[in-house]
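Trainee: One file: query.txt (compact mmCIF, C-alpha atoms).
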# COMPACT_ATOMS: atom_id res chain seq x y z
CA MET A 313 106.87 97.65 80.77
CA HIS A 314 106.08 94.50 78.87
CA ILE A 315 106.38 95.24 75.19
CA ALA A 316 103.79 92.95 73.64
CA GLU A 317 104.66 90.03 71.38
CA GLY A 318 105.53 91.16 67.86
CA PHE A 319 105.42 94.85 68.76
CA LEU A 320 109.10 95.52 68.10
CA PRO A 321 110.35 95.48 64.50
CA PRO A 322 112.54 92.39 63.85
CA LEU A 323 115.78 94.39 63.70
CA HIS A 324 115.10 95.96 67.12
CA ALA A 325 114.02 92.65 68.60
CA VAL A 326 117.26 90.98 67.50
CA ALA A 327 119.41 93.91 68.64
CA TRP A 328 117.93 93.96 72.16
CA GLY A 329 118.21 90.20 72.34
CA ALA A 330 121.89 90.43 71.44
CA ALA A 331 122.40 93.18 74.01
CA SER A 332 120.76 91.18 76.78
CA ALA A 333 122.22 87.74 76.10
CA PRO A 334 125.72 88.36 77.54
CA PHE A 335 124.24 89.77 80.76
CA VAL A 336 122.02 86.73 81.21
CA VAL A 337 124.86 84.28 80.44
CA HIS A 338 127.13 86.11 82.87
CA GLY A 339 124.28 86.06 85.39
CA VAL A 340 123.82 82.31 85.10
CA ARG A 341 127.53 81.88 85.81
CA ALA A 342 127.34 84.22 88.81
CA LEU A 343 124.29 82.35 90.08
CA THR A 344 125.90 78.89 89.87
CA ARG A 345 129.05 80.25 91.51
CA GLU A 346 127.01 81.74 94.38
CA VAL A 347 125.04 78.54 94.95
CA LYS A 348 128.21 76.44 94.90
CA ALA A 349 130.15 78.73 97.21
CA ASN A 350 127.26 79.41 99.59
CA PRO A 351 124.65 76.65 99.44
CA GLU A 352 122.83 78.39 102.29
CA SER A 353 122.11 81.23 99.86
CA THR A 354 119.72 79.06 97.85
CA LEU A 355 116.73 79.75 100.03
CA LEU A 356 117.25 83.52 100.00
CA LEU A 357 117.82 83.42 96.23
CA GLY A 358 114.47 81.69 95.91
CA ALA A 359 112.87 84.32 98.09
CA SER A 360 114.33 87.12 95.94
CA GLY A 361 112.97 85.52 92.79
CA ALA A 362 109.64 85.01 94.54
CA PHE A 363 109.50 88.72 95.43
CA THR A 364 109.84 89.58 91.73
CA PHE A 365 107.16 87.00 90.91
CA VAL A 366 104.68 88.56 93.32
CA LEU A 367 105.35 92.20 92.53
CA SER A 368 105.35 91.84 88.76
CA ALA A 369 101.97 90.07 88.93
CA LEU A 370 100.31 92.93 90.81
CA LYS A 371 98.76 95.56 88.57
CA ILE A 372 98.16 98.60 90.73
CA PRO A 373 96.16 101.74 89.91
CA SER A 374 98.17 104.92 89.56
CA VAL A 375 97.58 108.67 89.56
CA THR A 376 97.44 108.80 85.76
CA GLY A 377 94.22 106.80 85.79
CA SER A 378 95.90 103.72 84.39
CA CYS A 379 97.36 100.58 85.92
CA SER A 380 100.89 99.25 85.96
CA HIS A 381 102.96 96.86 88.01
CA PRO A 382 106.14 97.09 90.07
CA THR A 383 109.13 94.93 89.12
CA GLY A 384 110.49 93.66 92.44
CA THR A 385 114.05 93.56 91.08
CA GLY A 386 115.62 96.03 93.52
CA LEU A 387 115.66 93.59 96.43
CA GLY A 388 117.59 90.86 94.62
CA ALA A 389 119.97 93.38 93.06
CA ILE A 390 120.84 94.78 96.50
CA LEU A 391 121.17 91.34 98.11
CA PHE A 392 122.97 89.39 95.38
CA ARG A 393 124.19 92.06 92.91
CA PRO A 394 122.57 92.75 89.53
CA PRO A 395 123.99 89.86 87.43
CA ILE A 396 121.98 87.34 89.45
CA MET A 397 118.87 89.48 89.06
CA ALA A 398 119.32 89.26 85.28
CA VAL A 399 118.60 85.54 85.60
CA LEU A 400 115.75 85.78 88.11
CA GLY A 401 114.11 88.56 86.08
CA THR A 402 114.43 86.58 82.86
CA ILE A 403 112.72 83.58 84.47
CA THR A 404 109.81 85.80 85.53
CA LEU A 405 109.52 87.37 82.07
CA LEU A 406 109.63 83.94 80.40
CA PHE A 407 106.81 82.70 82.64
CA GLN A 408 104.71 85.71 81.71
CA ALA A 409 105.53 85.50 78.00
CA LEU A 410 104.73 81.80 77.73
CA LEU A 411 101.72 81.42 80.03
CA LEU A 412 100.13 84.85 80.24
CA ALA A 413 100.74 86.23 76.73
CA HIS A 414 102.18 89.16 78.65
CA GLY A 415 105.30 90.41 76.93
CA GLY A 416 106.56 87.94 74.36
CA LEU A 417 109.37 85.84 72.97
CA THR A 418 110.30 88.28 70.20
CA THR A 419 110.31 91.14 72.71
CA LEU A 420 111.94 89.09 75.49
CA GLY A 421 115.37 90.60 74.80
CA ALA A 422 114.05 94.16 75.11
CA ASN A 423 112.00 93.37 78.21
CA VAL A 424 114.90 91.54 79.85
CA PHE A 425 117.11 94.53 79.10
CA SER A 426 114.77 96.97 80.83
CA MET A 427 113.51 94.91 83.76
CA ALA A 428 116.29 92.43 84.49
CA ILE A 429 119.39 94.43 83.50
CA ALA A 430 118.97 98.23 83.36
CA GLY A 431 116.61 98.47 86.33
CA PRO A 432 118.65 96.29 88.72
CA TRP A 433 121.93 97.99 87.75
CA ALA A 434 120.45 101.47 88.19
CA GLY A 435 118.94 100.55 91.55
CA TYR A 436 122.16 98.91 92.69
CA ALA A 437 124.20 101.95 91.62
CA VAL A 438 121.95 104.29 93.63
CA TYR A 439 122.12 101.93 96.62
CA ARG A 440 125.91 101.77 96.52
CA LEU A 441 126.27 105.50 96.03
CA LEU A 442 124.05 106.32 99.02
CA ARG A 443 125.86 103.77 101.19
CA LYS A 444 129.14 105.54 100.44
CA PHE A 445 127.68 108.63 102.08
CA ASP A 446 126.62 106.74 105.21
CA VAL A 447 122.94 107.10 104.48
CA PRO A 448 120.88 104.82 106.80
CA LEU A 449 120.47 101.33 105.31
CA MET A 450 116.69 101.43 104.95
CA VAL A 451 116.82 104.75 103.11
CA THR A 452 119.36 103.33 100.65
CA VAL A 453 117.15 100.27 100.18
CA PHE A 454 114.13 102.47 99.48
CA PHE A 455 115.88 104.52 96.81
CA GLY A 456 117.59 101.45 95.33
CA ALA A 457 114.24 99.75 94.81
CA PHE A 458 112.59 103.01 93.70
CA PHE A 459 115.11 103.58 90.92
CA ALA A 460 115.27 99.92 89.88
CA ASP A 461 111.53 100.17 89.27
CA LEU A 462 111.40 103.60 87.64
CA VAL A 463 114.44 103.17 85.38
CA THR A 464 112.94 99.94 84.02
CA TYR A 465 109.97 101.89 82.70
CA CYS A 466 112.12 104.75 81.40
CA VAL A 467 114.17 102.23 79.41
CA THR A 468 110.98 100.70 77.99
CA SER A 469 109.92 104.19 76.89
CA VAL A 470 113.28 104.71 75.16
CA GLN A 471 113.06 101.29 73.47
CA LEU A 472 109.62 102.07 72.05
CA ALA A 473 110.57 105.60 71.02
CA LEU A 474 113.59 104.22 69.14
CA ALA A 475 111.38 101.73 67.31
CA PHE A 476 108.48 104.10 66.68
CA PRO A 477 109.70 107.71 66.36
CA ASP A 478 106.97 110.28 65.95
CA PRO A 479 106.50 111.19 62.24
CA GLY A 480 106.56 114.90 63.16
CA SER A 481 108.63 115.35 66.30
CA GLY A 482 110.85 112.30 65.88
CA PHE A 483 112.46 110.31 68.69
CA LEU A 484 111.93 112.95 71.38
CA GLY A 485 108.25 113.37 70.57
CA ALA A 486 107.71 109.63 70.81
CA LEU A 487 109.77 109.49 74.01
CA ALA A 488 107.50 112.10 75.61
CA LYS A 489 104.49 110.09 74.55
CA PHE A 490 105.70 106.71 75.84
CA GLY A 491 107.25 108.35 78.89
CA GLY A 492 103.85 109.84 79.71
CA ILE A 493 102.28 106.40 79.51
CA PHE A 494 104.97 104.48 81.41
CA ALA A 495 107.29 106.64 83.48
CA VAL A 496 104.74 109.05 84.97
CA THR A 497 102.34 106.23 85.83
CA GLN A 498 105.22 104.43 87.47
CA ILE A 499 106.28 107.10 89.99
CA PRO A 500 103.76 106.22 92.75
CA LEU A 501 104.26 102.52 92.01
CA ALA A 502 108.00 102.93 92.41
CA VAL A 503 107.32 104.53 95.81
CA SER A 504 105.16 101.50 96.71
CA GLU A 505 107.88 99.15 95.58
CA GLY A 506 110.43 101.06 97.65
CA LEU A 507 108.24 100.76 100.75
CA LEU A 508 107.58 97.04 100.19
CA THR A 509 111.27 96.36 99.64
CA VAL A 510 112.05 98.18 102.90
CA LEU A 511 109.43 96.05 104.62
CA VAL A 512 110.98 92.81 103.35
CA MET A 513 114.47 94.02 104.21
CA ARG A 514 113.28 94.80 107.76
CA LEU A 515 111.86 91.28 108.06
CA LEU A 516 115.14 89.88 106.72
CA MET A 517 117.02 91.92 109.32
CA GLN A 518 115.02 90.15 112.00
CA SER A 519 115.10 86.66 110.56
CA SER A 520 118.32 86.41 108.55
CA LYS A 521 120.77 88.92 109.91
CA SER A 522 123.68 86.51 109.45
CA ASP A 523 122.90 86.13 105.72
CA LEU A 524 122.71 89.90 105.30
CA VAL A 525 126.07 90.28 107.04
CA ARG A 526 127.64 87.63 104.81
CA LEU A 527 126.24 89.36 101.70
CA GLY A 528 127.66 92.67 102.90
CA VAL A 529 124.26 94.36 103.21
CA ALA A 530 124.19 94.58 107.01
CA LYS A 531 127.07 94.97 109.40
CA LEU A 532 127.54 93.11 112.62
CA THR A 533 126.29 95.07 115.57
CA GLY A 534 126.37 94.51 119.29
CA ALA A 535 128.96 92.36 121.05
CA GLY A 536 132.02 91.55 119.00
CA ALA A 537 131.34 94.15 116.33
CA GLY A 538 133.82 96.55 117.87
CA ALA A 539 132.71 99.56 119.84
CA ARG A 540 134.52 101.99 117.55
CA THR A 541 131.93 102.05 114.80
CA GLY A 542 129.16 100.44 116.80
CA ASN A 543 127.04 103.54 117.11
CA GLN A 544 127.27 104.39 113.47
CA GLN A 545 126.26 100.87 112.49
CA GLU A 546 123.32 100.90 114.82
CA ALA A 547 122.20 104.13 113.22
CA ALA A 548 122.63 102.57 109.80
CA VAL A 549 120.25 99.79 110.72
CA MET B 734 102.27 95.92 119.34
CA SER B 735 106.04 96.24 119.31
CA ARG B 736 107.66 99.24 117.66
CA ASN B 737 108.89 96.99 114.87
CA ALA B 738 105.44 95.65 114.12
CA LYS B 739 104.03 99.18 114.16
CA ILE B 740 106.52 100.37 111.56
CA ASN B 741 105.84 97.32 109.37
CA THR B 742 102.09 97.88 109.57
CA LEU B 743 102.55 101.55 108.74
CA LEU B 744 104.58 100.59 105.64
CA LEU B 745 101.80 98.26 104.46
CA LEU B 746 99.15 100.91 105.09
CA LEU B 747 101.12 103.44 103.04
CA VAL B 748 101.35 101.01 100.12
CA ALA B 749 97.62 100.30 100.36
CA ALA B 750 96.85 104.03 100.46
CA LEU B 751 98.98 104.65 97.37
CA ALA B 752 97.00 102.00 95.49
CA VAL B 753 93.56 103.02 96.73
CA LEU B 754 93.84 106.82 96.48
CA PRO B 755 93.81 106.99 92.66
CA LEU B 756 90.62 104.89 92.72
CA ALA B 757 89.01 106.84 95.56
CA LEU B 758 89.80 110.18 93.94
CA GLY B 759 88.35 108.95 90.66
CA LEU B 760 91.49 109.77 88.70
CA GLY B 761 90.44 107.41 85.94
CA GLU B 762 87.29 109.36 85.16
CA GLY B 763 86.92 110.86 81.72
CA LYS B 764 89.14 108.17 80.23
CA GLU B 765 87.86 105.82 77.56
CA GLU B 766 88.81 102.90 79.73
CA PRO B 767 89.56 103.91 83.32
CA PHE B 768 92.59 102.20 84.85
CA ALA B 769 93.56 100.32 81.72
CA GLY B 770 97.00 98.71 81.70
CA ALA B 771 99.91 100.92 80.66
CA ASP B 772 101.15 98.10 78.41
CA ALA B 773 97.89 98.17 76.43
CA GLN B 774 98.06 101.97 76.21
CA ALA B 775 101.54 101.67 74.74
CA GLU B 776 100.19 99.31 72.08
CA ALA B 777 97.52 101.89 71.24
CA ALA B 778 100.19 104.62 71.06
CA ILE B 779 102.21 102.49 68.64
CA THR B 780 99.22 102.08 66.34
CA GLU B 781 98.73 105.84 66.55
CA LEU B 782 102.36 106.63 65.68
CA LYS B 783 102.57 104.03 62.94
CA PRO B 784 99.07 103.08 61.81
CA ASP B 785 100.34 100.54 59.27
CA TYR B 786 102.39 98.58 61.83
CA GLU B 787 101.40 94.94 62.03
CA PRO B 788 102.72 92.78 64.89
CA TRP B 789 104.77 90.16 63.07
CA PHE B 790 104.56 87.46 65.70
CA SER B 791 101.75 86.34 67.96
CA PRO B 792 101.93 84.65 71.35
CA LEU B 793 102.32 80.87 71.23
CA TYR B 794 99.67 80.53 73.89
CA GLU B 795 97.06 83.09 74.80
CA PRO B 796 94.71 82.68 77.78
CA PRO B 797 91.29 82.09 76.20
CA SER B 798 89.51 84.63 78.41
CA GLY B 799 90.08 87.44 80.88
CA GLU B 800 89.11 85.05 83.66
CA VAL B 801 91.77 82.50 82.73
CA GLU B 802 94.30 85.29 82.38
CA SER B 803 93.54 86.70 85.84
CA ALA B 804 93.68 83.18 87.25
CA LEU B 805 97.18 82.77 85.83
CA PHE B 806 98.23 86.14 87.24
CA ALA B 807 96.86 85.10 90.62
CA LEU B 808 98.79 81.83 90.30
CA GLN B 809 101.97 83.77 89.64
CA ALA B 810 101.44 85.95 92.72
CA ALA B 811 100.46 82.94 94.83
CA LEU B 812 103.58 81.01 93.81
CA GLY B 813 105.75 83.95 94.76
CA ALA B 814 103.94 84.60 98.03
CA GLY B 815 104.12 80.90 98.90
CA VAL B 816 107.89 80.76 98.43
CA LEU B 817 108.33 83.97 100.46
CA ALA B 818 106.16 82.62 103.27
CA TYR B 819 108.09 79.33 103.22
CA TYR B 820 111.35 81.23 103.50
CA PHE B 821 110.27 83.29 106.50
CA GLY B 822 108.66 80.24 108.11
CA VAL B 823 111.87 78.23 107.82
CA ARG B 824 113.90 81.09 109.26
CA LYS B 825 111.50 81.56 112.15
CA GLY B 826 111.50 77.83 112.95
CA ARG B 827 115.29 77.79 112.89
CA ARG B 828 115.47 80.74 115.28
CA GLN B 829 112.96 79.18 117.65
CA GLY B 830 114.85 75.89 117.60
CA LEU B 831 118.11 77.67 118.43
CA ALA B 832 116.47 79.61 121.24
CA GLN B 833 115.04 76.41 122.66
CA ALA B 834 118.38 74.63 122.48
CA GLU B 835 119.97 77.53 124.32
CA ARG B 836 117.32 77.47 127.02
CA GLN B 837 117.31 73.73 127.62
CA PRO B 838 120.82 73.18 128.99
CA ALA B 839 120.23 76.08 131.34
CA ALA B 840 116.96 74.58 132.48
CA ALA B 841 118.56 71.17 133.02
CA GLN B 842 121.28 72.75 135.09
CA ALA B 843 118.76 74.65 137.14
CA ALA B 844 116.85 71.45 137.82
CA ALA B 845 120.02 69.64 138.93
CA THR B 846 121.05 72.31 141.41
CA ALA B 847 117.58 72.97 142.74
CA PRO B 848 117.02 71.72 146.31
CA GLU B 849 114.93 68.57 146.44
CA ALA B 850 111.34 69.17 147.22
Please lay out the structure from this file as structure tokens.
Mentor:
Amino acid sequence: MHIAEGFLPPLHAVAWGAASAPFVVHGVRALTREVKANPESTLLLGASGAFTFVLSALKIPSVTGSCSHPTGTGLGAILFRPPIMAVLGTITLLFQALLLAHGGLTTLGANVFSMAIAGPWAGYAVYRLLRKFDVPLMVTVFFGAFFADLVTYCVTSVQLALAFPDPGSGFLGALAKFGGIFAVTQIPLAVSEGLLTVLVMRLLMQSSKSDLVRLGVAKLTGAGAGARTGNQQEAAV
Amino acid sequence: MSRNAKINTLLLLLVAALAVLPLALGLGEGKEEPFAGADAQAEAAITELKPDYEPWFSPLYEPPSGEVESALFALQAALGAGVLAYYFGVRKGRRQGLAQAERQPAAAQAAATAPEA
């Protein structure tokens, strides 16, 4: 989903930068507030950023015969809400733009919008929606991460189609073309990302249950949680 | 293996299978460059849609070779994996410490009440 350096016309580059900036600024505020209010969150925040670092460095073969990489943004969005992911995602994209020539500074705004804003918000929305319907936690985590990943690549396709409409078939023709390159390739990778996010969430359940309870992801179970909804919560875990 | 560990292993195996199957089934065959990056394909598509488009900015720093680039990607993954491992290590140590602290008073009490040998 990294649009390469210089590959968006200046007007588009500036527009996406302007669209992303408020989200990132708001995210920085949310992040400092979280660290101040809950200093014990710092370690888990680092781990969420680290998850994005690992996953977005792994280029994995897909069914379309090409390679792409997951984004790793679903986990942080579910744990800390999307604004904080806007910051963690931007840091990852900056690292890749500056050191790896992967993505770029002129396309940073567009890439931040797809990977650090649209993806996390979409994944978080799916996660919240499924939780409303009492879907088991790990299933909601899977679909949250799946959609955070997939929507990122759909947004990239839209961004490129807007900038480079097909001379004959216009925006939709170009969208089909870029969607074929990005979105279709991404489906199995989004499944992988969903499974990996479930794996990490399971490990967090074992090691950091109290953090997950504080963040509202997990509910207290067992003694003291109240027998009334105990069964349901067990099932949700 | 505990049930938990079994499920975790199964999850990892599924992810590995999803990555290996496209290679094993040879889904990249017949392509100019099998398993090329989607980002590079998008660049090619742009040049196809708008042949006269010239990138108007170039990266400030570009890894001089594919080897250096893959080293930097590996560094990125290693940094992330290191922080994740540190996190889970700290949490595990904390849990073990707590468990030990809970056991010790009980052990001391048991020793005090035990009949002298």
Trainee: Just the number, please: distance in Å from atom CA of Ala752 of chain B to atom CA of Leu442 of chain A, one decimal.
Mentor: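 Between these atoms lies a distance of 27.6 Å.
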Trainee: So that I can check the surroundings of Ala757 of chain B, please list as a ChimeraX atom specification every protein, DNA and RNA residue that reaches within 12 Å of it, counting only C-alpha atoms and ignoring chain neighbours fewer than 4 positions away.
Mentor: /A:373-375,377 /B:749-753,761-762
Trainee: For the selection you just gave me, I'd like the residues written to a file as an mmCIF file, keeping the file's coordinate frame, keeping C-alpha atoms.
Mentor:
data_model
loop_
_atom_site.group_PDB
_atom_site.id
_atom_site.type_symbol
_atom_site.label_atom_id
_atom_site.label_comp_id
_atom_site.auth_asym_id
_atom_site.auth_seq_id
_atom_site.Cartn_x
_atom_site.Cartn_y
_atom_site.Cartn_z
ATOM 1 C CA PRO A 373 96.160 101.740 89.910
ATOM 2 C CA SER A 374 98.170 104.920 89.560
ATOM 3 C CA VAL A 375 97.580 108.670 89.560
ATOM 4 C CA GLY A 377 94.220 106.800 85.790
ATOM 5 C CA ALA B 749 97.620 100.300 100.360
ATOM 6 C CA ALA B 750 96.850 104.030 100.460
ATOM 7 C CA LEU B 751 98.980 104.650 97.370
ATOM 8 C CA ALA B 752 97.000 102.000 95.490
ATOM 9 C CA VAL B 753 93.560 103.020 96.730
ATOM 10 C CA GLY B 761 90.440 107.410 85.940
ATOM 11 C CA GLU B 762 87.290 109.360 85.160
#
Trainee: Within 7 Å of chain B, which residues of chain A show up? Give each one with its shortest atom-to-atom distance in Å (one decimal) and the two atoms involved, counting only C-alpha atoms, rows by chain then rising residue number, as CSV.
Mentor:
residue,atom,partner,partner_atom,distance
A:Met313,CA,B:Asp772,CA,6.2
A:His314,CA,B:Asp772,CA,6.1
A:Ile315,CA,B:Asp772,CA,6.8
A:Glu317,CA,B:Ser791,CA,5.8
A:Gly318,CA,B:Phe790,CA,4.4
A:Phe319,CA,B:Pro788,CA,5.2
A:Leu355,CA,B:Tyr820,CA,6.6
A:Ala359,CA,B:Leu817,CA,5.1
A:Ala362,CA,B:Gly813,CA,4.0
A:Phe363,CA,B:Gly813,CA,6.1
A:Phe365,CA,B:Gly813,CA,5.1
A:Val366,CA,B:Ala810,CA,4.2
A:Ala369,CA,B:Ala810,CA,5.6
A:Ile372,CA,B:Ala752,CA,6.0
A:Pro373,CA,B:Ala752,CA,5.6
A:Ser374,CA,B:Pro755,CA,5.7
A:Val375,CA,B:Pro755,CA,5.2
A:Thr376,CA,B:Leu760,CA,6.7
A:Gly377,CA,B:Gly761,CA,3.8
A:Ser378,CA,B:Phe768,CA,3.7
A:Cys379,CA,B:Gly770,CA,4.6
A:Ser380,CA,B:Ala771,CA,5.6
A:Leu410,CA,B:Tyr794,CA,6.5
A:Leu411,CA,B:Tyr794,CA,6.5
A:Leu412,CA,B:Glu802,CA,6.2
A:Ala413,CA,B:Glu795,CA,5.2
A:Gly416,CA,B:Pro792,CA,6.4
A:Phe476,CA,B:Leu782,CA,6.7
A:Asp478,CA,B:Leu782,CA,5.9
A:Phe490,CA,B:Ala775,CA,6.6
A:Ile493,CA,B:Ala771,CA,6.1
A:Phe494,CA,B:Ala771,CA,6.2
A:Pro500,CA,B:Leu751,CA,6.8
A:Ser504,CA,B:Val748,CA,5.1
A:Leu507,CA,B:Leu744,CA,6.1
A:Leu511,CA,B:Asn741,CA,6.1
A:Ser519,CA,B:Arg824,CA,5.8
A:Ser520,CA,B:Arg824,CA,7.0
Trainee: Which distance in Å separates atom CA of Val336 of chain A and atom CA of Val496 of chain A, to one decimal?
Mentor: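 About the pair atom CA of Val336 of chain A and atom CA of Val496 of chain A: they are 28.5 Å apart.
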Trainee: In terms of the shortest atom-to-atom distance over only C-alpha atoms, which of A:Ala422, A:Ala428, A:Leu515, A:Val470 is closest to Leu320 of chain A?
Mentor: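 Closest candidate: A:Ala422.
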Trainee: Smallest atom-to-atom distance to Ile403 of chain A: which of A:Phe454, A:Val340, A:Ala460, A:Ala325, using all atoms listed in the file?
Mentor: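 With all atoms listed in the file as the atom set, the closest residue is A:Val340.
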Trainee: Just to confirm, what's the straight-line distance from atom CA of Leu420 of chain A to atom CA of Ala434 of chain A in Å (one decimal)?
Mentor: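 About the pair atom CA of Leu420 of chain A and atom CA of Ala434 of chain A: they are 19.7 Å apart.
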Trainee: Give the answer as one residue: which of A:Pro477, A:Pro395, A:Gly485, A:Gly384 has the shortest atom-to-atom distance to Glu346 of chain A, using all atoms listed in the file?
Mentor: A:Pro395
Trainee: Ranking A:Gly329, A:Phe335, A:Cys466, A:Val529 by minimum distance to Pro448 of chain A and counting all atoms listed in the file, which one comes first?
Mentor: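 Between A:Gly329, A:Phe335, A:Cys466, A:Val529, the residue approaching Pro448 of chain A most closely is A:Val529.
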Trainee: So, with all atoms listed in the file as the atoms that count, which of A:Glu505, A:Phe425, A:Arg393, A:Leu441 lies closest to Gly528 of chain A?
Mentor: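 The closest residue to Gly528 of chain A is A:Arg393.
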Trainee: Identify which of the residues A:Ala333, A:Ala327, A:Ala473, A:Leu406 lies closest to Ala486 of chain A, counting all atoms listed in the file when measuring atom-to-atom distances.
Mentor: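 Between A:Ala333, A:Ala327, A:Ala473, A:Leu406, the residue approaching Ala486 of chain A most closely is A:Ala473.
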